[in-house]
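Trainee: Provided below: data.tsv, containing TSV, C-alpha atoms and all ligand atoms.
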```tsv
chain	number	residue	atom	x	y	z
E	244	MET	CA	38.76	-3.71	57.61
E	245	ARG	CA	38.59	-4.21	53.87
E	246	ILE	CA	36.65	-6.85	51.93
E	247	ASP	CA	37.20	-7.42	48.20
E	248	ILE	CA	34.50	-9.53	46.57
E	249	ILE	CA	35.14	-11.20	43.22
E	250	THR	CA	31.98	-12.04	41.26
E	251	CYS	CA	30.61	-12.33	37.74
E	252	VAL	CA	27.39	-10.52	38.80
E	253	PRO	CA	28.64	-7.35	40.56
E	254	ASP	CA	25.27	-5.58	40.30
E	255	LEU	CA	23.76	-8.12	42.66
E	256	LEU	CA	26.15	-7.04	45.43
E	257	GLN	CA	26.68	-3.31	44.74
E	258	SER	CA	23.22	-2.27	45.87
E	259	PHE	CA	23.43	-4.42	49.00
E	260	PHE	CA	26.56	-2.66	50.22
E	261	GLN	CA	25.21	0.77	49.32
E	262	HIS	CA	22.36	0.32	51.77
E	263	SER	CA	21.89	-1.23	55.21
E	264	ILE	CA	24.13	-0.55	58.16
E	265	LEU	CA	27.17	-1.22	56.03
E	266	LYS	CA	26.67	2.11	54.28
E	267	ARG	CA	27.40	4.03	57.50
E	268	GLY	CA	30.46	1.92	58.26
E	269	GLN	CA	31.86	2.80	54.87
E	270	ALA	CA	30.99	6.49	55.29
E	271	ASN	CA	32.79	6.46	58.68
E	272	GLY	CA	35.83	4.97	56.96
E	273	VAL	CA	36.02	2.01	59.36
E	274	ILE	CA	35.16	-0.54	56.66
E	275	GLU	CA	35.75	-0.70	52.92
E	276	VAL	CA	33.98	-3.02	50.50
E	277	TYR	CA	34.98	-3.39	46.84
E	278	VAL	CA	33.13	-5.51	44.32
E	279	HIS	CA	35.19	-6.71	41.35
E	280	ASN	CA	33.70	-7.86	38.07
E	281	LEU	CA	35.42	-11.07	37.07
E	282	ARG	CA	34.58	-10.43	33.42
E	283	GLU	CA	37.06	-7.56	33.39
E	284	PHE	CA	39.75	-10.18	33.87
E	285	ALA	CA	38.45	-12.46	31.09
E	286	VAL	CA	40.91	-14.17	28.76
E	287	ASN	CA	39.27	-13.03	25.50
E	288	GLN	CA	37.06	-10.34	23.91
E	289	HIS	CA	33.95	-12.42	24.55
E	290	GLY	CA	34.45	-11.97	28.28
E	291	GLN	CA	34.74	-15.71	28.71
E	292	ILE	CA	35.22	-16.80	32.31
E	293	ASP	CA	33.91	-20.37	32.27
E	294	ASP	CA	34.43	-23.46	30.13
E	295	TYR	CA	33.37	-27.11	29.78
E	296	ALA	CA	34.51	-29.55	32.44
E	297	PHE	CA	37.34	-31.91	31.54
E	298	GLY	CA	35.95	-35.43	31.62
E	299	GLY	CA	32.52	-34.21	30.51
E	300	GLY	CA	29.28	-33.76	32.39
E	301	ALA	CA	26.72	-30.99	32.67
E	302	GLY	CA	27.59	-27.49	33.87
E	303	MET	CA	30.36	-25.04	33.21
E	304	VAL	CA	33.44	-24.58	35.37
E	305	MET	CA	34.94	-21.18	36.21
E	306	MET	CA	38.36	-20.88	34.55
E	307	ILE	CA	41.57	-20.44	36.49
E	308	GLU	CA	43.09	-17.56	34.51
E	309	PRO	CA	40.57	-14.71	35.12
E	310	ILE	CA	40.47	-15.54	38.84
E	311	ASP	CA	44.26	-15.77	39.04
E	312	ARG	CA	44.57	-12.39	37.31
E	313	CYS	CA	42.10	-10.74	39.66
E	314	ILE	CA	43.51	-12.20	42.89
E	315	THR	CA	47.10	-11.53	41.80
E	316	ALA	CA	46.27	-7.89	40.99
E	317	LEU	CA	44.71	-7.44	44.46
E	318	LYS	CA	47.58	-9.16	46.26
E	319	ALA	CA	50.06	-6.88	44.48
E	320	GLU	CA	48.44	-3.92	46.26
E	321	ARG	CA	48.21	-5.24	49.84
E	322	HIS	CA	48.43	-8.25	52.10
E	323	TYR	CA	45.31	-10.40	52.53
E	324	ASP	CA	44.64	-12.38	55.70
E	325	ALA	CA	42.15	-14.73	54.04
E	326	VAL	CA	40.88	-15.74	50.61
E	327	VAL	CA	37.39	-17.11	51.19
E	328	TYR	CA	35.56	-19.23	48.62
E	329	THR	CA	31.78	-19.57	48.98
E	330	THR	CA	30.68	-23.10	48.24
E	331	PRO	CA	28.00	-25.50	49.51
E	332	ASP	CA	30.74	-28.07	50.27
E	333	GLY	CA	32.62	-25.63	52.52
E	334	GLU	CA	32.85	-25.42	56.30
E	335	LEU	CA	29.58	-24.28	57.88
E	336	PHE	CA	29.59	-20.53	58.67
E	337	SER	CA	28.78	-19.57	62.27
E	338	GLN	CA	28.91	-16.63	64.67
E	339	GLU	CA	32.23	-17.99	65.87
E	340	THR	CA	33.63	-17.83	62.33
E	341	ALA	CA	32.30	-14.29	61.93
E	342	ASN	CA	33.97	-13.24	65.20
E	343	ARG	CA	37.28	-14.76	64.11
E	344	PHE	CA	37.15	-13.12	60.65
E	345	SER	CA	36.25	-9.73	62.13
E	346	LEU	CA	39.78	-9.57	63.55
E	347	PHE	CA	41.32	-9.77	60.07
E	348	GLY	CA	42.48	-6.65	58.20
E	349	ASN	CA	41.86	-7.54	54.54
E	350	ILE	CA	39.78	-10.38	53.11
E	351	ILE	CA	39.02	-11.54	49.56
E	352	ILE	CA	35.73	-13.37	48.99
E	353	LEU	CA	35.48	-15.32	45.75
E	354	CYS	CA	31.89	-16.12	44.76
E	355	GLY	CA	31.38	-19.57	43.31
E	356	HIS	CA	29.05	-20.09	40.33
E	357	TYR	CA	27.98	-22.75	37.84
E	358	LYS	CA	29.53	-26.09	38.78
E	359	GLY	CA	32.20	-24.30	40.80
E	360	VAL	CA	35.74	-23.16	40.10
E	361	ASP	CA	38.65	-25.12	38.67
E	362	GLN	CA	39.99	-27.10	41.63
E	363	ARG	CA	43.45	-25.53	41.16
E	364	ILE	CA	42.02	-22.17	42.33
E	365	ARG	CA	40.98	-23.81	45.57
E	366	ASP	CA	44.33	-25.55	45.92
E	367	GLN	CA	46.48	-22.51	45.12
E	368	PHE	CA	44.63	-19.43	46.33
E	369	VAL	CA	41.78	-20.21	48.72
E	370	THR	CA	42.48	-20.27	52.47
E	371	HIS	CA	38.89	-20.79	53.73
E	372	GLU	CA	35.99	-22.62	52.02
E	373	ILE	CA	32.68	-21.52	53.55
E	374	SER	CA	29.05	-22.68	53.21
E	375	ILE	CA	26.24	-20.69	54.82
E	376	GLY	CA	23.91	-23.65	55.29
E	377	ASP	CA	22.82	-27.05	54.08
E	378	TYR	CA	20.96	-25.95	50.97
E	379	VAL	CA	22.12	-25.01	47.48
E	380	LEU	CA	22.07	-21.44	46.18
E	381	SER	CA	22.38	-20.66	42.49
E	382	GLY	CA	25.44	-18.51	43.15
E	383	GLY	CA	27.84	-17.56	45.91
E	384	GLU	CA	26.83	-13.86	45.92
E	385	LEU	CA	24.11	-14.14	48.56
E	386	ALA	CA	26.50	-16.17	50.68
E	387	ALA	CA	29.19	-13.48	50.25
E	388	ALA	CA	26.67	-10.81	51.33
E	389	VAL	CA	25.66	-12.87	54.38
E	390	ILE	CA	29.28	-13.51	55.39
E	391	SER	CA	30.29	-9.85	54.87
E	392	ASP	CA	27.33	-8.52	56.84
E	393	ALA	CA	27.93	-10.89	59.76
E	394	ILE	CA	31.62	-9.90	59.90
E	395	LEU	CA	31.40	-6.17	59.24
E	396	ARG	CA	28.65	-5.43	61.78
E	397	LEU	CA	31.11	-6.54	64.47
E	398	ILE	CA	33.58	-3.78	63.57
E	399	PRO	CA	33.35	-0.83	66.01
E	400	GLY	CA	31.74	2.17	64.30
E	401	VAL	CA	29.52	0.15	61.97
E	402	MET	CA	26.61	-0.33	64.36
E	403	ASN	CA	24.87	2.53	66.18
E	404	ASP	CA	25.22	1.04	69.62
E	405	GLU	CA	28.60	-0.62	69.76
E	406	THR	CA	27.63	-2.85	72.64
E	407	SER	CA	24.58	-4.26	70.93
E	408	ALA	CA	26.48	-6.75	68.75
E	409	LEU	CA	27.60	-8.46	71.96
E	410	THR	CA	24.01	-9.13	73.06
E	411	ASP	CA	22.91	-10.74	69.79
E	412	SER	CA	21.51	-14.22	69.61
E	413	PHE	CA	24.43	-16.70	69.44
E	414	GLN	CA	27.01	-14.29	70.85
E	415	ASP	CA	26.80	-16.10	74.20
E	416	GLY	CA	25.63	-19.36	72.62
E	417	LEU	CA	22.00	-18.55	73.47
E	418	LEU	CA	19.10	-17.11	71.50
E	419	ALA	CA	18.15	-13.53	72.39
E	420	PRO	CA	15.17	-12.91	74.72
E	421	PRO	CA	11.91	-11.24	73.52
E	422	VAL	CA	11.93	-7.43	73.33
E	423	TYR	CA	9.10	-4.88	73.68
E	424	THR	CA	8.59	-1.15	73.22
E	425	ARG	CA	5.80	1.38	73.86
E	426	PRO	CA	2.86	1.22	74.31
E	427	ALA	CA	2.89	-1.00	77.42
E	428	GLU	CA	-0.59	-2.17	76.49
E	429	TYR	CA	-2.00	-2.51	72.97
E	430	LYS	CA	-5.48	-3.94	72.27
E	431	GLY	CA	-5.25	-5.51	75.71
E	432	TRP	CA	-1.91	-7.23	74.89
E	433	GLN	CA	0.41	-6.54	77.80
E	434	VAL	CA	4.16	-6.15	78.03
E	435	PRO	CA	5.54	-8.45	80.77
E	436	GLU	CA	5.25	-6.62	84.09
E	437	VAL	CA	8.87	-7.17	85.10
E	438	LEU	CA	10.13	-5.03	82.18
E	439	LEU	CA	8.15	-2.05	83.51
E	440	SER	CA	9.27	-2.57	87.11
E	441	GLY	CA	12.46	-0.52	86.93
E	442	HIS	CA	14.20	-3.31	88.86
E	443	GLN	CA	17.25	-3.98	86.70
E	444	ALA	CA	18.44	-7.14	88.45
E	445	LYS	CA	14.97	-8.69	88.03
E	446	VAL	CA	14.91	-7.63	84.36
E	447	ASP	CA	18.31	-9.24	83.76
E	448	GLU	CA	17.20	-12.42	85.48
E	449	TRP	CA	13.98	-12.55	83.41
E	450	ARG	CA	15.94	-12.03	80.19
E	451	MET	CA	18.34	-14.85	81.03
E	452	GLU	CA	15.40	-17.18	81.83
E	453	GLN	CA	13.71	-16.28	78.55
E	454	SER	CA	16.96	-16.82	76.61
E	455	LEU	CA	17.39	-20.25	78.15
E	456	LEU	CA	13.73	-21.13	77.55
E	457	ARG	CA	13.84	-20.07	73.89
E	458	THR	CA	17.10	-21.87	73.29
E	459	LYS	CA	15.79	-25.06	74.95
E	460	GLU	CA	12.61	-25.02	72.85
E	461	ARG	CA	14.03	-23.95	69.51
E	462	ARG	CA	17.65	-25.08	69.51
E	463	PRO	CA	18.08	-28.00	71.91
E	464	ASN	CA	21.62	-28.64	70.65
E	465	LEU	CA	22.73	-25.13	71.57
E	466	TYR	CA	20.95	-25.46	74.90
E	467	SER	CA	22.74	-28.63	75.96
E	468	ASN	CA	26.10	-26.96	75.27
E	469	GLN	CA	25.16	-24.14	77.63
E	470	THR	CA	23.49	-25.63	80.70
E	471	GLU	CA	26.71	-26.23	82.63
E	472	ILE	CA	27.66	-22.56	82.28
E	473	HIS	CA	24.41	-21.00	83.53
E	474	PHE	CA	23.42	-23.43	86.31
F	1	LIG	CL1	28.52	-20.49	50.02
F	1	LIG	N1	27.23	-21.16	47.83
F	1	LIG	C1	26.24	-21.77	47.18
F	1	LIG	N2	26.20	-21.71	45.84
F	1	LIG	N3	25.27	-22.43	47.78
F	1	LIG	C2	25.31	-22.48	49.10
F	1	LIG	C3	26.32	-21.87	49.85
F	1	LIG	C4	27.28	-21.21	49.17
F	1	LIG	N4	26.09	-22.09	51.15
F	1	LIG	C5	24.98	-22.81	51.18
F	1	LIG	N5	24.51	-23.04	49.97
```
Let's see the structure in the file written out as structure tokens.
Ligand code: 6GU

Mentor:
Amino acid sequence: MRIDIITCVPDLLQSFFQHSILKRGQANGVIEVYVHNLREFAVNQHGQIDDYAFGGGAGMVMMIEPIDRCITALKAERHYDAVVYTTPDGELFSQETANRFSLFGNIIILCGHYKGVDQRIRDQFVTHEISIGDYVLSGGELAAAVISDAILRLIPGVMNDETSALTDSFQDGLLAPPVYTRPAEYKGWQVPEVLLSGHQAKVDEWRMEQSLLRTKERRPNLYSNQTEIHF
């Protein structure tokens, strides 16, 4: 899988993708991430990529031409399954969206900035408009990093233990149960007895109970979606 990210602050993203688990995925050759500096596609020597909004008002708008140039250059090289635009007015990102996107081959992510991009970009190029939550970020770069991480960690060969992505919180619509490691007792604080019992069926049952309990307490909406399945 290949992700091309278009941004006017490439430095913000470069270091993110050179660390974390995504570094190994790239070294293994199972994923590729490229960060493109929008300023290299600017229309003039000043590197201009934004301009005043028609009709007035505060805030600059990202111009259509640099973005068109960049996306068109990428599309000339290969097919893209999605052109994602990060924006607070987009569709809310979820594990389900990440799962769906992880099946794509090539994706472009366009990072929004300022007051957003010229609407014609959204009309002509963007296939998916995504928000990562109901709050406003100063730029789409953190959102692009969040979206890329959530997608790419699902690709086989990116994570150490390939089965572990399937047991994450949300992957079955439930929050993950508590986990413990050695020592079994620390300052008198005990690990639950059942986890030391060696009785796998009992451990599985305890984990499911804990998942349901956590989900009920913390995310009642998720819990009510799930009760029919587990009882
Ligand atoms: Cl995708 N972008 C920005 N700028 N703010 C956000 C967001 C995205 N998602 C939530 N807030």

Trainee: Using only C-alpha atoms, find all polymer residues with an atom at most 12 Å away from the point (33.0, 2.0, 62.2); report them as a list in words.

Mentor: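 Every polymer residue passing the test: Met244, Arg245, Ile264, Leu265, Lys266, Arg267, Gly268, Gln269, Ala270, Asn271, Gly272, Val273, Ile274, Glu275, Leu395, Arg396, Leu397, Ile398, Pro399, Gly400, Val401, Met402, Asn403, Asp404 and Glu405 of chain E.
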
Trainee: Report, in Å to a single decimal, how far apart CA of Ala419 in chain E and CA of Ile352 in chain E are.

Mentor: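 That distance, rounded to one decimal, is 29.3 Å.
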
Trainee: Taking only C-alpha atoms and all ligand atoms into account, produce a table as a tab-separated table in which each residue of chain E with an atom at most 10 Å from an atom of ligand LIG 1 (chain F) appears once, together with its shortest atom pair and the distance in Å to one decimal, ordered by chain and rising number.

Mentor:
```
residue	atom	partner	partner_atom	distance
E:Val327	CA	F:LIG1	CL1	9.6
E:Tyr328	CA	F:LIG1	CL1	7.3
E:Thr329	CA	F:LIG1	CL1	3.5
E:Thr330	CA	F:LIG1	CL1	3.8
E:Pro331	CA	F:LIG1	C3	4.0
E:Asp332	CA	F:LIG1	C3	7.6
E:Gly333	CA	F:LIG1	CL1	7.0
E:Glu334	CA	F:LIG1	CL1	9.1
E:Leu335	CA	F:LIG1	N4	7.9
E:Phe336	CA	F:LIG1	N4	8.4
E:Leu353	CA	F:LIG1	CL1	9.7
E:Cys354	CA	F:LIG1	N1	7.5
E:Gly355	CA	F:LIG1	N2	6.1
E:His356	CA	F:LIG1	N2	6.4
E:Tyr357	CA	F:LIG1	N2	8.3
E:Lys358	CA	F:LIG1	N2	9.0
E:Gly359	CA	F:LIG1	N2	8.3
E:Glu372	CA	F:LIG1	CL1	8.0
E:Ile373	CA	F:LIG1	CL1	5.6
E:Ser374	CA	F:LIG1	N4	3.7
E:Ile375	CA	F:LIG1	N4	3.9
E:Gly376	CA	F:LIG1	C5	4.3
E:Asp377	CA	F:LIG1	C5	5.6
E:Tyr378	CA	F:LIG1	N5	4.7
E:Val379	CA	F:LIG1	N5	4.0
E:Leu380	CA	F:LIG1	N3	3.7
E:Ser381	CA	F:LIG1	N2	5.2
E:Gly382	CA	F:LIG1	N2	4.2
E:Gly383	CA	F:LIG1	N1	4.1
E:Glu384	CA	F:LIG1	N1	7.6
E:Leu385	CA	F:LIG1	N1	7.7
E:Ala386	CA	F:LIG1	CL1	4.8
E:Ala387	CA	F:LIG1	CL1	7.0
E:Ala388	CA	F:LIG1	CL1	9.9
E:Val389	CA	F:LIG1	CL1	9.2
E:Ile390	CA	F:LIG1	CL1	8.8
```

Trainee: Which residue is closest to Ser391 in chain E? Choose from E:Arg450, E:Ile364, E:Ser412, E:Asn349 and count only C-alpha atoms.

Mentor: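 The answer is E:Asn349, which sits nearest to Ser391 in chain E.
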
Trainee: Considering all atoms listed in the file, state which residue in the set E:Trp432, E:Leu255, E:His442, E:Leu418 is at the smallest distance from Leu456 in chain E.

Mentor: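 Closest candidate: E:Leu418.
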
Trainee: Taking 5 positions as the minimum chain separation for residues in the same chain, which residues sit within 12 Å of Phe368 in chain E when counting all atoms listed in the file? Answer as an mmCIF file with C-alpha atoms, in the coordinates of the input.

Mentor:
```
data_model
loop_
_atom_site.group_PDB
_atom_site.id
_atom_site.type_symbol
_atom_site.label_atom_id
_atom_site.label_comp_id
_atom_site.auth_asym_id
_atom_site.auth_seq_id
_atom_site.Cartn_x
_atom_site.Cartn_y
_atom_site.Cartn_z
ATOM 1 C CA ILE E 307 41.570 -20.440 36.490
ATOM 2 C CA ILE E 310 40.470 -15.540 38.840
ATOM 3 C CA ASP E 311 44.260 -15.770 39.040
ATOM 4 C CA ARG E 312 44.570 -12.390 37.310
ATOM 5 C CA CYS E 313 42.100 -10.740 39.660
ATOM 6 C CA ILE E 314 43.510 -12.200 42.890
ATOM 7 C CA THR E 315 47.100 -11.530 41.800
ATOM 8 C CA LYS E 318 47.580 -9.160 46.260
ATOM 9 C CA TYR E 323 45.310 -10.400 52.530
ATOM 10 C CA ASP E 324 44.640 -12.380 55.700
ATOM 11 C CA ALA E 325 42.150 -14.730 54.040
ATOM 12 C CA VAL E 326 40.880 -15.740 50.610
ATOM 13 C CA VAL E 327 37.390 -17.110 51.190
ATOM 14 C CA TYR E 328 35.560 -19.230 48.620
ATOM 15 C CA ILE E 351 39.020 -11.540 49.560
ATOM 16 C CA ILE E 352 35.730 -13.370 48.990
ATOM 17 C CA LEU E 353 35.480 -15.320 45.750
ATOM 18 C CA VAL E 360 35.740 -23.160 40.100
ATOM 19 C CA ASP E 361 38.650 -25.120 38.670
ATOM 20 C CA GLN E 362 39.990 -27.100 41.630
ATOM 21 C CA ARG E 363 43.450 -25.530 41.160
#
```

Trainee: Could you check how far CA of Ser337 in chain E sits from CA of Ile248 in chain E, in Å to one decimal?

Mentor: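 A separation of 19.5 Å between them.
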
Trainee: Which residue is closest to Ser440 in chain E? Choose from E:Leu455, E:Val276, E:Ala285, E:Ala427 and count only C-alpha atoms.

Mentor: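 Ranked by minimum distance to Ser440 in chain E, first place goes to E:Ala427.
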
Trainee: Pick from E:Asp366, E:Pro420, E:Arg425, E:Ile394: nearest to Asp447 in chain E, with all atoms listed in the file counted?

Mentor: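 The shortest atom-to-atom distance to Asp447 in chain E comes from E:Pro420.
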
Trainee: Quick one: pull the distance between CA of Glu320 in chain E and CA of Val304 in chain E, Å, one decimal.

Mentor: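 So the answer is 27.8 Å.
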
Trainee: Could you give me the centre and size, in Å to one decimal, of an axis-aligned box around all listed atoms of range 435-438 of chain E with 3 Å added on every side, as lines of an AutoDock Vina configuration file?

Mentor:
```
center_x = 7.7
center_y = -6.7
center_z = 82.9
size_x = 10.9
size_y = 9.4
size_z = 10.3
```

Trainee: Measuring between all atoms listed in the file, which one of E:Pro426, E:Thr340, E:Arg282, E:Gln367 shows the shortest distance to Leu439 in chain E?

Mentor: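 Using all atoms listed in the file, Leu439 in chain E sits closest to E:Pro426.
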
Trainee: I need the residue nearest Arg365 in chain E from this list: E:Met305, E:Arg343, E:Arg457, E:Ala408. Use only C-alpha atoms for the distance.

Mentor: E:Met305

Trainee: Contacts of Tyr466 in chain E at 10 Å or less, counting all atoms listed in the file, minus same-chain residues fewer than 4 places along, as JSON, numbers by chain?

Mentor: {"E": [416, 417, 418, 454, 455, 456, 457, 458, 459, 460, 461, 462, 470, 471]}
